[in-house]
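Chemist: Structure supplied as start.cif; contents: mmCIF, C-alpha atoms and all ligand atoms.
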data_input
loop_
_atom_site.label_atom_id
_atom_site.label_comp_id
_atom_site.auth_asym_id
_atom_site.auth_seq_id
_atom_site.Cartn_x
_atom_site.Cartn_y
_atom_site.Cartn_z
CA MET A 85 94.79 69.26 87.14
CA ARG A 86 97.31 70.82 84.77
CA HIS A 87 94.76 70.85 81.99
CA ALA A 88 92.29 72.68 84.17
CA VAL A 89 94.88 75.39 84.85
CA TYR A 90 95.66 75.76 81.14
CA ALA A 91 91.98 75.89 80.28
CA THR A 92 91.43 78.65 82.84
CA LEU A 93 94.42 80.58 81.53
CA ALA A 94 93.29 80.20 77.93
CA ALA A 95 89.83 81.42 78.85
CA ALA A 96 91.28 84.43 80.66
CA LEU A 97 93.47 85.28 77.69
CA ALA A 98 90.57 84.94 75.29
CA VAL A 99 88.64 87.47 77.37
CA THR A 100 91.43 90.04 77.76
CA ALA A 101 93.01 89.78 74.31
CA PRO A 102 90.45 91.88 72.41
CA PHE A 103 90.80 94.68 74.97
CA ALA A 104 94.57 94.59 74.77
CA ALA A 105 94.41 94.76 71.00
CA ARG A 106 92.11 97.77 70.83
CA ALA A 107 92.15 100.29 73.65
CA ASP A 108 89.40 102.89 73.31
CA ASP A 109 89.97 106.63 73.81
CA LYS A 110 89.09 106.55 77.50
CA ASP A 111 91.68 103.82 78.09
CA VAL A 112 94.35 105.78 76.20
CA ILE A 113 93.66 108.88 78.32
CA GLU A 114 93.66 106.91 81.58
CA TYR A 115 96.90 105.20 80.57
CA ARG A 116 98.76 108.51 80.11
CA GLN A 117 97.26 109.83 83.37
CA HIS A 118 98.51 106.75 85.24
CA ALA A 119 101.98 107.24 83.75
CA MET A 120 101.91 110.89 84.90
CA LYS A 121 100.79 109.82 88.40
CA THR A 122 103.76 107.46 88.53
CA LEU A 123 105.98 110.46 87.80
CA GLN A 124 104.28 112.39 90.60
CA GLU A 125 104.82 109.62 93.17
CA GLN A 126 108.42 108.98 92.16
CA THR A 127 109.38 112.68 92.12
CA ALA A 128 107.78 113.04 95.58
CA ILE A 129 110.17 110.34 96.78
CA ILE A 130 113.14 112.15 95.18
CA GLY A 131 112.02 115.24 97.11
CA GLU A 132 112.02 113.24 100.35
CA ILE A 133 115.52 111.98 99.58
CA VAL A 134 116.87 115.43 98.69
CA SER A 135 115.40 116.94 101.88
CA GLY A 136 116.99 114.17 103.92
CA ALA A 137 113.65 112.81 105.17
CA VAL A 138 114.52 109.35 103.82
CA PRO A 139 117.95 107.80 103.14
CA ALA A 140 119.45 108.09 99.64
CA ASP A 141 120.15 104.34 99.26
CA ASN A 142 117.31 103.84 96.79
CA LEU A 143 118.02 106.95 94.73
CA PRO A 144 119.24 104.98 91.66
CA ALA A 145 116.09 102.82 91.67
CA HIS A 146 113.77 105.83 91.91
CA ALA A 147 115.72 107.71 89.24
CA GLU A 148 115.33 104.66 87.00
CA ALA A 149 111.58 104.55 87.71
CA ILE A 150 111.32 108.21 86.67
CA ALA A 151 113.27 107.60 83.46
CA LEU A 152 110.99 104.70 82.55
CA ALA A 153 107.82 106.62 83.42
CA ALA A 154 109.03 109.58 81.33
CA GLN A 155 109.67 107.27 78.37
CA ILE A 156 106.21 105.72 78.79
CA SER A 157 104.58 109.16 79.14
CA ALA A 158 106.26 110.42 75.98
CA LYS A 159 104.98 107.45 73.98
CA SER A 160 101.51 107.64 75.53
CA PHE A 161 100.64 110.82 73.62
CA ASP A 162 101.55 109.39 70.20
CA ALA A 163 98.00 108.10 69.67
CA LYS A 164 96.94 111.80 69.68
CA ILE A 165 93.68 111.28 71.54
CA PRO A 166 92.17 114.60 72.76
CA GLY A 167 90.67 114.73 76.24
CA GLY A 168 91.58 114.46 79.89
CA GLU A 169 93.55 117.48 81.08
CA THR A 170 95.44 117.71 77.83
CA LYS A 171 95.02 121.14 76.19
CA PRO A 172 94.21 121.25 72.45
CA GLU A 173 97.58 123.03 71.98
CA VAL A 174 99.29 119.66 72.39
CA TRP A 175 97.89 118.61 69.04
CA THR A 176 98.11 121.99 67.27
CA LYS A 177 101.72 122.54 68.44
CA TRP A 178 102.67 118.87 68.24
CA ALA A 179 106.29 119.50 67.10
CA ASP A 180 107.00 121.60 70.19
CA PHE A 181 105.14 119.29 72.58
CA SER A 182 106.74 116.10 71.32
CA LYS A 183 110.20 117.71 71.44
CA ARG A 184 109.58 118.65 75.07
CA MET A 185 108.51 115.09 75.76
CA SER A 186 111.55 113.53 74.11
CA ASP A 187 113.90 116.03 75.82
CA PHE A 188 112.22 115.09 79.12
CA ALA A 189 112.73 111.37 78.44
CA ALA A 190 116.39 112.00 77.51
CA ALA A 191 117.08 114.19 80.57
CA THR A 192 115.55 111.66 82.97
CA ARG A 193 117.56 108.88 81.27
CA LEU A 194 120.74 110.88 81.93
CA PHE A 195 119.56 111.46 85.52
CA ALA A 196 119.05 107.70 86.04
CA ASP A 197 122.36 106.75 84.41
CA THR A 198 124.21 109.32 86.54
CA ALA A 199 122.61 107.90 89.69
CA LYS A 200 123.60 104.38 88.63
CA LYS A 201 127.25 105.48 88.38
CA GLY A 202 127.11 106.37 92.06
CA ALA A 203 126.91 110.17 91.79
CA SER A 204 126.63 112.06 95.06
CA LEU A 205 123.36 113.60 96.19
CA GLY A 206 124.88 117.04 95.45
CA GLU A 207 125.68 116.08 91.85
CA MET A 208 122.21 114.59 91.43
CA THR A 209 120.53 117.70 92.83
CA SER A 210 122.34 119.92 90.34
CA ILE A 211 120.86 118.04 87.36
CA LEU A 212 117.45 117.62 88.99
CA THR A 213 115.87 120.85 87.72
CA GLN A 214 116.75 120.00 84.14
CA ALA A 215 115.48 116.44 84.52
CA LEU A 216 112.11 117.55 85.88
CA PRO A 217 110.54 120.22 83.64
CA CYS A 218 107.09 119.21 84.93
CA LYS A 219 105.74 122.68 85.64
CA GLU A 220 107.12 124.26 82.45
CA CYS A 221 105.19 121.79 80.35
CA HIS A 222 102.02 121.81 82.47
CA ASP A 223 101.86 125.62 82.34
CA ILE A 224 101.49 125.43 78.57
CA TYR A 225 99.90 122.09 77.82
CA ARG A 226 97.83 120.96 80.80
CA GLN A 227 94.46 122.31 81.90
CA GLU A 228 93.92 121.14 85.48
CA LYS A 229 90.30 120.22 86.06
C1 LIG B 1 106.18 117.74 77.98
C2 LIG B 1 105.00 117.87 78.80
C3 LIG B 1 104.90 117.28 80.18
C4 LIG B 1 105.91 117.01 81.06
C5 LIG B 1 107.41 117.21 80.91
C6 LIG B 1 105.28 116.48 82.25
N1 LIG B 1 103.93 116.44 82.09
FE1 LIG B 1 102.57 115.84 83.49
N2 LIG B 1 101.06 116.15 82.17
C7 LIG B 1 101.20 116.64 80.89
C8 LIG B 1 99.90 116.66 80.24
C9 LIG B 1 99.60 117.10 78.82
C10 LIG B 1 98.97 116.17 81.19
C11 LIG B 1 97.45 115.97 81.01
C12 LIG B 1 97.19 114.49 80.69
C13 LIG B 1 95.71 114.20 80.44
O1 LIG B 1 94.92 114.26 81.41
O2 LIG B 1 95.34 113.98 79.27
C14 LIG B 1 99.73 115.89 82.40
C15 LIG B 1 99.17 115.42 83.58
C16 LIG B 1 99.86 115.20 84.76
C17 LIG B 1 99.24 114.79 86.01
C18 LIG B 1 97.77 114.51 86.26
C19 LIG B 1 97.46 113.04 85.97
C20 LIG B 1 96.02 112.67 86.27
O3 LIG B 1 95.78 111.89 87.17
O4 LIG B 1 95.11 113.19 85.59
C21 LIG B 1 100.27 114.68 86.92
C22 LIG B 1 100.12 114.27 88.38
C23 LIG B 1 101.50 115.00 86.24
N3 LIG B 1 101.22 115.33 84.92
C24 LIG B 1 102.75 114.99 86.84
C25 LIG B 1 103.95 115.24 86.16
C26 LIG B 1 105.26 115.25 86.80
C27 LIG B 1 105.52 114.99 88.27
C28 LIG B 1 106.16 115.54 85.81
C29 LIG B 1 107.65 115.69 85.92
C30 LIG B 1 108.41 114.70 86.60
C31 LIG B 1 105.41 115.76 84.59
N4 LIG B 1 104.08 115.57 84.84
C32 LIG B 1 105.99 116.10 83.38
C33 LIG B 1 102.36 117.03 80.29
C34 LIG B 1 103.64 116.92 80.83
#
Write the structure described by the file as structure tokens, please.
Ligand code: HEC

Modeler:
Amino acid sequence: MRHAVYATLAAALAVTAPFAARADDKDVIEYRQHAMKTLQEQTAIIGEIVSGAVPADNLPAHAEAIALAAQISAKSFDAKIPGGETKPEVWTKWADFSKRMSDFAAATRLFADTAKKGASLGEMTSILTQALPCKECHDIYRQEK
């Protein structure tokens, strides 16, 4: 019985391993889009919390999710694969774009750490704008299709 389970697992790993080792361009683009969608969902929840529609109890968890998604997003462009809704300017102005990305990751990390320390909703709201420069970046670097 055990052996059968291991054999199945080994077979599954053998099938997925080559894909994991070499993602093609389409996969790289989809990956960064999924990371961005995570940001969209999590910031929508922050909006619901700030407006009072849902209780603030889970604010630290959602702030942490945003910090992680921002970190993942920042890294997801390092492969420099053109396509998706990414404008060519991302690659021609890479120094500016990657600085914006790392500032974004740092600001959301601060946001999450502040939430973890038990900051009030008021304190959190005051650092929110800085932590979420979504539109500023999209205006320059994203071409919505
Ligand atoms: C420093 C730049 C930058 C920041 C900051 C940024 N984005 Fe993006 N975002 C992009 C780029 C570039 C794309 C296009 C990705 C692609 O399709 O290749 C994108 C795409 C998206 C998409 C579309 C994903 C899809 O399904 O195609 C959403 C949604 C999104 N971003 C939400 C957010 C939210 C919410 C934030 C802030 C919390 C944010 N982004 C912050 C650069 C940024």

Chemist: Counting only C-alpha atoms and all ligand atoms, give me one row per residue of chain A with an atom at most 8 Å from an atom of ligand LIG 1 (chain B), showing the shortest contact pair and its distance in Å to one decimal, sorted by chain then residue number, as a Markdown table.

Modeler:
| residue | atom | partner | partner_atom | distance |
| --- | --- | --- | --- | --- |
| A:Ile113 | CA | B:LIG1 | O2 | 5.5 |
| A:Glu114 | CA | B:LIG1 | O1 | 7.5 |
| A:Arg116 | CA | B:LIG1 | C12 | 6.2 |
| A:Gln117 | CA | B:LIG1 | C19 | 4.1 |
| A:His118 | CA | B:LIG1 | O3 | 6.1 |
| A:Ala119 | CA | B:LIG1 | C19 | 7.7 |
| A:Met120 | CA | B:LIG1 | C23 | 4.3 |
| A:Lys121 | CA | B:LIG1 | C22 | 4.5 |
| A:Thr122 | CA | B:LIG1 | C22 | 7.7 |
| A:Leu123 | CA | B:LIG1 | C27 | 4.6 |
| A:Gln124 | CA | B:LIG1 | C27 | 3.7 |
| A:Glu125 | CA | B:LIG1 | C27 | 7.3 |
| A:Gln126 | CA | B:LIG1 | C27 | 7.7 |
| A:Thr127 | CA | B:LIG1 | C27 | 5.9 |
| A:Ala128 | CA | B:LIG1 | C27 | 7.9 |
| A:Ile150 | CA | B:LIG1 | C30 | 7.1 |
| A:Ala154 | CA | B:LIG1 | C30 | 7.4 |
| A:Ser157 | CA | B:LIG1 | N1 | 7.9 |
| A:Ala158 | CA | B:LIG1 | C1 | 7.6 |
| A:Pro166 | CA | B:LIG1 | O2 | 7.3 |
| A:Gly167 | CA | B:LIG1 | O2 | 5.6 |
| A:Gly168 | CA | B:LIG1 | O1 | 3.7 |
| A:Glu169 | CA | B:LIG1 | O1 | 3.5 |
| A:Thr170 | CA | B:LIG1 | O2 | 4.0 |
| A:Lys171 | CA | B:LIG1 | C9 | 6.6 |
| A:Val174 | CA | B:LIG1 | C9 | 6.9 |
| A:Phe181 | CA | B:LIG1 | C1 | 5.7 |
| A:Ser182 | CA | B:LIG1 | C1 | 6.9 |
| A:Lys183 | CA | B:LIG1 | C1 | 7.7 |
| A:Arg184 | CA | B:LIG1 | C1 | 4.6 |
| A:Met185 | CA | B:LIG1 | C1 | 4.2 |
| A:Ser186 | CA | B:LIG1 | C1 | 7.8 |
| A:Phe188 | CA | B:LIG1 | C5 | 5.6 |
| A:Ala215 | CA | B:LIG1 | C30 | 7.6 |
| A:Leu216 | CA | B:LIG1 | C30 | 4.7 |
| A:Pro217 | CA | B:LIG1 | C5 | 5.1 |
| A:Cys218 | CA | B:LIG1 | C32 | 3.6 |
| A:Lys219 | CA | B:LIG1 | C32 | 7.0 |
| A:Glu220 | CA | B:LIG1 | C5 | 7.2 |
| A:Cys221 | CA | B:LIG1 | C2 | 4.2 |
| A:His222 | CA | B:LIG1 | C33 | 5.3 |
| A:Tyr225 | CA | B:LIG1 | C9 | 5.1 |
| A:Arg226 | CA | B:LIG1 | C9 | 4.7 |
| A:Gln227 | CA | B:LIG1 | C11 | 7.1 |
| A:Glu228 | CA | B:LIG1 | C11 | 7.7 |

Chemist: How far is it from CA of Glu207 (chain A) to CA of Ala153 (chain A), in Å with one decimal?

Modeler: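 These two atoms are separated by 21.9 Å.
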
Chemist: For a quick check of understanding, using only C-alpha atoms, which of A:Ile211, A:Ala137, A:Ala179, A:Val112 has the smallest distance to Asp197 (chain A)?

Modeler: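 Nearest to Asp197 (chain A): A:Ile211.
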
Chemist: Measuring atom to atom with all atoms listed in the file, identify which of A:Ser135, A:Ser160, A:Gln214, A:Asn142 is nearest to Arg193 (chain A).

Modeler: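 Among the listed residues, the smallest separation from Arg193 (chain A) belongs to A:Gln214.
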
Chemist: Calculate how many Å separate CA of Gly206 (chain A) from CA of Glu148 (chain A), rounding to one decimal.

Modeler: 17.8 Å

Chemist: To test the calculation: enclose all listed atoms of region 168-181 of chain A in a box whose edges run along x, y and z, add 8 Å on each side, then state centre and edge lengths in Å to one decimal, as AutoDock Vina command-line options.

Modeler:
--center_x 99.3 --center_y 118.7 --center_z 74.1 --size_x 31.4 --size_y 24.6 --size_z 30.0

Chemist: When you draw a straight line from CA of Ala149 (chain A) to CA of Asp109 (chain A), how long is it in Å?

Modeler: 25.8 Å

Chemist: Pick out the closest residue to Met208 (chain A) from this set: A:Trp175, A:Tyr115, A:Pro144, A:Ile224. Count all atoms listed in the file.

Modeler: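 Ranking A:Trp175, A:Tyr115, A:Pro144, A:Ile224 by distance to Met208 (chain A), first place goes to A:Pro144.
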
Chemist: Using all atoms listed in the file, which of A:Ala107, A:Ile129, A:Ala147, A:Asp187 sits nearest Gly202 (chain A)?

Modeler: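 Between A:Ala107, A:Ile129, A:Ala147, A:Asp187, the residue approaching Gly202 (chain A) most closely is A:Ala147.
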
Chemist: Taking only C-alpha atoms into account, name the residue in A:Leu212, A:Lys110, A:Val138, A:Pro172 that is nearest to Ala199 (chain A).

Modeler: A:Leu212

Chemist: Hey, which of A:Ala140, A:Gln155, A:Ala145, A:Thr176 ends up closest to Thr192 (chain A)? Count only C-alpha atoms.

Modeler: A:Gln155

Chemist: Please fill the gaps in region 168-194 of chain A so it has N, CA and C atoms, and write that as a compact mmCIF listing (two decimals), in the frame of the given file.

Modeler:
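And here's rebuild.txt as it stands now:
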# COMPACT_ATOMS: atom_id res chain seq x y z
N GLY A 168 90.90 114.39 78.61
CA GLY A 168 91.58 114.46 79.89
C GLY A 168 91.93 115.90 80.20
N GLU A 169 93.11 116.12 80.77
CA GLU A 169 93.55 117.48 81.08
C GLU A 169 94.50 118.00 80.01
N THR A 170 94.55 117.30 78.91
CA THR A 170 95.44 117.71 77.83
C THR A 170 94.81 118.86 77.04
N LYS A 171 95.53 119.98 76.95
CA LYS A 171 95.02 121.14 76.19
C LYS A 171 95.10 120.85 74.69
N PRO A 172 94.19 121.46 73.91
CA PRO A 172 94.21 121.25 72.45
C PRO A 172 95.55 121.66 71.82
N GLU A 173 96.29 122.57 72.51
CA GLU A 173 97.58 123.03 71.98
C GLU A 173 98.57 121.89 71.78
N VAL A 174 98.39 120.81 72.56
CA VAL A 174 99.29 119.66 72.39
C VAL A 174 99.25 119.17 70.95
N TRP A 175 98.04 119.16 70.40
CA TRP A 175 97.89 118.61 69.04
C TRP A 175 98.17 119.67 67.98
N THR A 176 97.86 120.95 68.28
CA THR A 176 98.11 121.99 67.27
C THR A 176 99.59 122.41 67.25
N LYS A 177 100.29 122.21 68.40
CA LYS A 177 101.72 122.54 68.44
C LYS A 177 102.51 121.26 68.71
N TRP A 178 102.13 120.21 67.99
CA TRP A 178 102.67 118.87 68.24
C TRP A 178 104.20 118.82 68.20
N ALA A 179 104.82 119.55 67.23
CA ALA A 179 106.29 119.50 67.10
C ALA A 179 106.95 119.97 68.40
N ASP A 180 106.43 121.08 68.95
CA ASP A 180 107.00 121.60 70.19
C ASP A 180 106.73 120.64 71.36
N PHE A 181 105.48 120.18 71.47
CA PHE A 181 105.14 119.29 72.58
C PHE A 181 105.96 118.00 72.54
N SER A 182 106.04 117.38 71.38
CA SER A 182 106.74 116.10 71.32
C SER A 182 108.25 116.28 71.52
N LYS A 183 108.78 117.46 71.15
CA LYS A 183 110.20 117.71 71.44
C LYS A 183 110.41 117.83 72.96
N ARG A 184 109.48 118.53 73.62
CA ARG A 184 109.58 118.65 75.07
C ARG A 184 109.53 117.28 75.73
N MET A 185 108.64 116.44 75.22
CA MET A 185 108.51 115.09 75.76
C MET A 185 109.78 114.27 75.55
N SER A 186 110.35 114.35 74.34
CA SER A 186 111.55 113.53 74.11
C SER A 186 112.76 114.09 74.85
N ASP A 187 112.82 115.44 75.00
CA ASP A 187 113.90 116.03 75.82
C ASP A 187 113.77 115.58 77.28
N PHE A 188 112.51 115.53 77.74
CA PHE A 188 112.22 115.09 79.12
C PHE A 188 112.67 113.63 79.31
N ALA A 189 112.32 112.78 78.35
CA ALA A 189 112.73 111.37 78.44
C ALA A 189 114.26 111.25 78.43
N ALA A 190 114.93 112.06 77.59
CA ALA A 190 116.39 112.00 77.51
C ALA A 190 117.04 112.51 78.80
N ALA A 191 116.50 113.61 79.35
CA ALA A 191 117.08 114.19 80.57
C ALA A 191 116.91 113.25 81.77
N THR A 192 115.75 112.57 81.85
CA THR A 192 115.55 111.66 82.97
C THR A 192 116.40 110.39 82.78
N ARG A 193 116.66 110.02 81.53
CA ARG A 193 117.56 108.88 81.27
C ARG A 193 118.96 109.21 81.77
N LEU A 194 119.42 110.44 81.47
CA LEU A 194 120.74 110.88 81.93
C LEU A 194 120.78 110.90 83.47
